$ cat my_file24.csv   # CSV, C-alpha atoms
chain,number,residue,atom,x,y,z
A,115,MET,CA,48.8,174.9,145.9
A,116,PRO,CA,49.0,178.2,144.2
A,117,GLN,CA,48.9,178.6,140.4
A,118,LEU,CA,51.1,181.1,138.7
A,119,VAL,CA,49.5,184.5,139.4
A,120,ALA,CA,52.0,186.7,137.6
A,121,SER,CA,52.2,187.2,133.9
A,122,PRO,CA,55.0,185.1,132.5
A,123,THR,CA,55.9,188.0,130.1
A,124,HIS,CA,56.5,190.3,133.1
A,125,ILE,CA,58.6,187.7,134.8
A,126,LEU,CA,60.7,187.5,131.6
A,127,ALA,CA,60.8,191.3,131.6
A,128,LEU,CA,62.3,191.3,135.1
A,129,VAL,CA,64.9,188.7,134.0
A,130,LYS,CA,65.8,190.6,130.9
A,131,GLY,CA,66.2,193.8,132.9
A,132,ALA,CA,68.2,192.2,135.6
A,133,ALA,CA,70.6,190.6,133.0
A,134,GLU,CA,71.0,194.1,131.5
A,135,GLY,CA,71.7,195.8,134.8
A,136,ASP,CA,68.3,197.3,135.6
A,137,PRO,CA,65.6,195.0,136.8
A,138,ILE,CA,62.8,197.5,136.2
A,139,LYS,CA,64.0,198.5,132.7
A,140,HIS,CA,61.1,196.7,131.0
A,141,ILE,CA,58.4,196.9,133.7
A,142,THR,CA,57.0,199.7,135.9
A,143,PRO,CA,57.9,199.6,139.6
A,144,MET,CA,54.2,199.2,140.4
A,145,GLY,CA,54.3,195.9,138.5
A,146,LEU,CA,57.0,194.4,140.7
A,147,GLY,CA,55.0,192.7,143.5
A,148,VAL,CA,53.8,189.2,142.5
A,149,HIS,CA,56.0,189.2,139.4
A,150,LEU,CA,59.2,189.5,141.5
A,151,ASP,CA,58.0,186.9,144.0
A,152,ASP,CA,57.3,184.4,141.2
A,153,ALA,CA,60.6,185.2,139.4
A,154,VAL,CA,62.5,184.4,142.7
A,155,ALA,CA,60.4,181.3,143.3
A,156,CYS,CA,61.2,180.1,139.8
A,157,GLY,CA,64.9,180.4,140.5
A,158,LEU,CA,65.4,183.1,137.8
A,159,LEU,CA,66.3,186.0,140.1
A,160,ALA,CA,67.7,186.1,143.6
A,161,THR,CA,67.8,188.9,146.1
A,162,ARG,CA,70.8,190.1,148.0
A,163,SER,CA,70.7,192.7,150.8
A,164,SER,CA,67.1,193.8,150.2
A,165,PRO,CA,64.1,192.5,148.3
A,166,TYR,CA,64.9,195.0,145.4
A,167,ASP,CA,68.6,194.3,145.2
A,168,LEU,CA,68.2,191.7,142.5
A,169,HIS,CA,70.6,189.7,140.4
A,170,VAL,CA,70.0,187.1,137.7
A,171,THR,CA,70.7,183.5,138.6
A,172,ASP,CA,72.5,181.1,136.3
A,173,THR,CA,69.1,179.7,135.2
A,174,GLY,CA,67.9,183.2,134.5
A,175,LEU,CA,71.0,184.1,132.6
A,176,ALA,CA,70.8,181.0,130.5
A,177,LEU,CA,67.2,181.9,129.7
A,178,TYR,CA,68.2,185.4,128.8
A,179,GLU,CA,71.0,184.3,126.5
A,180,ALA,CA,68.8,181.7,124.7
A,181,HIS,CA,65.6,183.6,124.3
A,182,LEU,CA,65.4,187.2,125.8
A,183,LYS,CA,68.4,189.2,124.7
A,184,ASP,CA,66.9,190.0,121.3
A,185,LEU,CA,63.6,191.2,122.6
A,186,PRO,CA,63.0,194.9,121.9
A,187,ASP,CA,63.8,197.6,124.3
A,188,GLY,CA,60.9,199.2,126.1
A,189,ARG,CA,58.1,198.0,128.3
A,190,ALA,CA,57.0,194.3,128.2
A,191,ASN,CA,53.4,195.4,127.6
A,192,HIS,CA,54.5,196.3,124.0
A,193,TRP,CA,56.4,193.0,123.2
A,194,GLY,CA,53.3,191.2,122.1
A,195,SER,CA,54.0,188.2,119.9
A,196,ALA,CA,57.8,188.9,120.1
A,197,VAL,CA,57.9,186.9,123.4
A,198,PRO,CA,59.1,183.4,122.5
A,199,THR,CA,56.7,180.7,123.5
A,200,VAL,CA,59.5,178.4,124.6
A,201,ALA,CA,60.5,181.1,127.2
A,202,VAL,CA,57.0,181.3,128.5
A,203,ASP,CA,56.8,177.5,128.7
A,204,GLN,CA,60.1,177.4,130.7
A,205,VAL,CA,58.7,179.9,133.2
A,206,MET,CA,55.6,177.8,133.6
A,207,ARG,CA,57.5,174.6,134.1
A,208,LEU,CA,59.9,176.2,136.6
A,209,HIS,CA,56.9,177.5,138.6
A,210,LEU,CA,55.2,174.1,138.6
A,211,GLU,CA,58.5,172.6,139.8
A,212,ALA,CA,59.0,175.2,142.5
A,213,THR,CA,55.4,174.6,143.9
A,214,GLY,CA,55.7,170.8,143.7
A,215,ARG,CA,53.1,170.5,141.0
A,216,LEU,CA,55.2,169.5,138.0
A,217,ALA,CA,53.6,166.2,136.9
A,218,VAL,CA,55.9,163.5,135.9
A,219,VAL,CA,54.4,160.4,134.3
A,220,GLU,CA,56.5,157.2,133.9
A,221,VAL,CA,55.2,154.9,131.2
A,222,THR,CA,56.7,151.4,130.9
A,223,LEU,CA,55.7,149.7,127.7
A,224,THR,CA,55.6,146.0,128.5
A,225,ALA,CA,54.3,144.7,125.2
A,226,PRO,CA,53.1,146.2,121.9
A,227,GLY,CA,50.1,148.4,122.7
A,228,SER,CA,50.2,148.0,126.5
A,229,GLY,CA,52.1,149.2,129.5
A,230,VAL,CA,52.1,150.5,133.1
A,231,VAL,CA,51.5,154.2,133.9
A,232,THR,CA,52.9,155.6,137.2
A,233,VAL,CA,52.4,159.3,138.2
A,234,SER,CA,55.7,159.6,140.0
A,235,GLN,CA,55.5,163.3,140.8
A,236,GLY,CA,52.9,166.1,140.9
A,237,THR,CA,50.1,164.7,143.0
A,238,ARG,CA,49.6,165.0,146.8
A,239,SER,CA,48.7,161.4,147.0
A,240,PRO,CA,50.7,159.4,149.7
A,241,LYS,CA,50.8,156.6,147.2
A,242,GLN,CA,51.8,157.1,143.5
A,243,PRO,CA,48.8,156.6,141.3
A,244,GLN,CA,49.3,153.7,138.9
A,245,GLY,CA,47.2,152.5,136.0
A,246,THR,CA,47.3,150.2,133.0
A,247,LEU,CA,47.8,151.6,129.5
A,248,GLY,CA,46.3,149.7,126.5
A,249,ARG,CA,44.7,149.9,123.1
A,250,THR,CA,41.0,150.5,122.6
A,251,ARG,CA,39.5,148.4,119.8
A,252,ASN,CA,36.4,148.5,117.7
A,253,ALA,CA,34.0,145.5,117.1
A,254,ALA,CA,36.3,144.3,114.2
A,255,GLY,CA,39.3,144.2,116.5
A,256,ARG,CA,41.1,147.2,115.0
A,257,ALA,CA,42.9,149.6,117.3
A,258,THR,CA,41.1,152.9,117.6
A,259,GLY,CA,43.0,154.7,120.4
A,260,TRP,CA,44.4,154.2,123.9
A,261,TYR,CA,43.0,153.8,127.4
A,262,VAL,CA,44.3,154.2,130.9
A,263,ASP,CA,42.6,152.0,133.5
A,264,ASP,CA,43.2,152.5,137.2
A,265,ALA,CA,41.0,149.6,138.3
A,266,CYS,CA,41.9,149.8,142.0
A,267,GLY,CA,40.7,153.4,142.2
A,268,HIS,CA,42.9,156.0,143.8
A,269,ASP,CA,42.9,157.3,147.4
A,270,GLY,CA,39.5,155.8,148.1
A,271,ARG,CA,37.9,157.1,144.9
A,272,LYS,CA,36.0,155.2,142.3
A,273,PRO,CA,38.1,153.3,139.7
A,274,ILE,CA,39.3,155.5,136.8
A,275,ARG,CA,39.1,154.6,133.1
A,276,VAL,CA,39.8,157.1,130.4
A,277,THR,CA,40.3,156.9,126.7
A,278,GLY,CA,42.1,159.1,124.1
A,279,ARG,CA,43.1,159.1,120.5
A,280,THR,CA,46.8,159.0,121.3
A,281,LYS,CA,48.8,157.8,124.3
A,282,ASP,CA,49.4,161.4,125.4
A,283,ASP,CA,45.7,162.2,125.1
A,284,ALA,CA,44.8,159.3,127.3
A,285,LEU,CA,47.5,160.2,129.9
A,286,ARG,CA,46.4,163.8,130.1
A,287,LYS,CA,42.8,162.7,130.7
A,288,TYR,CA,44.1,160.4,133.4
A,289,LEU,CA,45.8,163.3,135.1
A,290,ARG,CA,42.6,165.3,134.9
A,291,ALA,CA,40.7,162.4,136.5
A,292,LEU,CA,43.2,162.4,139.3
A,293,GLY,CA,42.4,166.0,139.9
A,294,LEU,CA,45.6,167.8,138.7
A,295,TRP,CA,45.3,171.4,137.9
A,296,ARG,CA,45.1,172.4,134.2
A,297,ASP,CA,48.6,174.0,134.0
A,298,ALA,CA,50.2,170.9,135.6
A,299,ILE,CA,48.4,168.8,133.0
A,300,THR,CA,49.5,171.1,130.1
A,301,TYR,CA,53.2,171.0,131.1
A,302,ALA,CA,53.4,167.4,132.3
A,303,HIS,CA,56.4,165.4,131.4
A,304,PHE,CA,55.8,161.9,129.9
A,305,HIS,CA,58.8,159.5,130.1
A,306,TYR,CA,58.4,156.4,128.0
A,307,THR,CA,60.6,153.4,128.6
A,308,SER,CA,60.3,150.0,126.9
A,309,GLN,CA,60.7,146.4,127.9
A,310,ARG,CA,61.0,143.7,125.3
A,311,GLY,CA,62.2,146.2,122.6
A,312,ASN,CA,59.0,148.1,121.9
$ encode --input "my_file24.csv" --output "structure tokens"
Amino acid sequence: MPQLVASPTHILALVKGAAEGDPIKHITPMGLGVHLDDAVACGLLATRSSPYDLHVTDTGLALYEAHLKDLPDGRANHWGSAVPTVAVDQVMRLHLEATGRLAVVEVTLTAPGSGVVTVSQGTRSPKQPQGTLGRTRNAAGRATGWYVDDACGHDGRKPIRVTGRTKDDALRKYLRALGLWRDAITYAHFHYTSQRGN
């Protein structure tokens, strides 16, 4: 499955330009290629009669209104730190979703300090990976962190056990052990639900 090849900043430049009536206003024509393909794959731009007859989608327009309209005029190469991190994050998540790699982890907390972890989206496994979440403890019985234990193993692999300082740390290590790509782990969605009022 392909990772994002294009620069998120240049994808944003295409969106800003298209929203302002000129898709290449902030990018050179030589920079279109993969940036245009990824902008279309992310659902930010759409083509009409030809690959270069572009218009901004509702998703792209919402992104423009929220984060791009106040970026400076001129080429995206000169925007530097003016590009909002939240806009880059949105491009990354949209690309992961478009390529089927957006990891979604459902965590059901069944008791204080324990629960069930299911990776409901983002792996190519025919069966959703599932593990047990719990607290790690030192010799004195004090909680020191969290673990995820997939004792049955996964897709014929050895059993998985990872630990982390926080729940999210342990979950990210679990995703890494399952073989997810780094960008999918970075932008993974963790949904926590609780039973018994935790």
$ closest_residue --input "my_file24.csv" --among "A:Gly157, A:Gly248, A:Gly174, A:Pro273" --to "Ala127 in chain A" --atoms "all atoms listed in the file"
A:Gly174
$ residues_around --input "my_file24.csv" --residues "Asp152 in chain A" --least-positions-apart "2" --cutoff "12 Å" --atoms "all atoms listed in the file" --output "PyMOL selection string"
chain A and resi 116-126+128-129+146-150+154-160+205-206+208-213
$ closest_atom_pairs --input "my_file24.csv" --of "range 155-187 of chain A" --to "range 131-134 of chain A" --cutoff "9 Å" --atoms "all atoms listed in the file" --output "tab-separated table"
residue	atom	partner	partner_atom	distance
A:Leu159	CA	A:Ala132	CA	7.9
A:Leu168	CA	A:Ala132	CA	6.9
A:His169	CA	A:Ala132	CA	5.9
A:Val170	CA	A:Ala132	CA	5.8
A:Gly174	CA	A:Ala133	CA	8.0
A:Leu175	CA	A:Ala133	CA	6.5
A:Tyr178	CA	A:Ala133	CA	7.1
A:Lys183	CA	A:Ala133	CA	8.7
$ residues_around --input "my_file24.csv" --residues "Phe304 in chain A" --least-positions-apart "3" --cutoff "9 Å" --atoms "only C-alpha atoms" --output "list in words"
Ala217, Val218, Val219, Glu220, Val221, Asp282 and Leu285 of chain A
$ closest_residue --input "my_file24.csv" --among "A:Thr258, A:Thr142, A:Thr224, A:Thr232" --to "His303 in chain A" --atoms "only C-alpha atoms"
A:Thr232
$ closest_residue --input "my_file24.csv" --among "A:Asp151, A:Gln235, A:Pro186, A:Ser228" --to "Arg215 in chain A" --atoms "only C-alpha atoms"
A:Gln235
$ closest_residue --input "my_file24.csv" --among "A:Arg189, A:Arg238, A:Lys281, A:His181" --to "Asp203 in chain A" --atoms "only C-alpha atoms"
A:His181
$ closest_residue --input "my_file24.csv" --among "A:Leu177, A:Leu185, A:Ala190, A:Val200" --to "Ile138 in chain A" --atoms "all atoms listed in the file"
A:Ala190
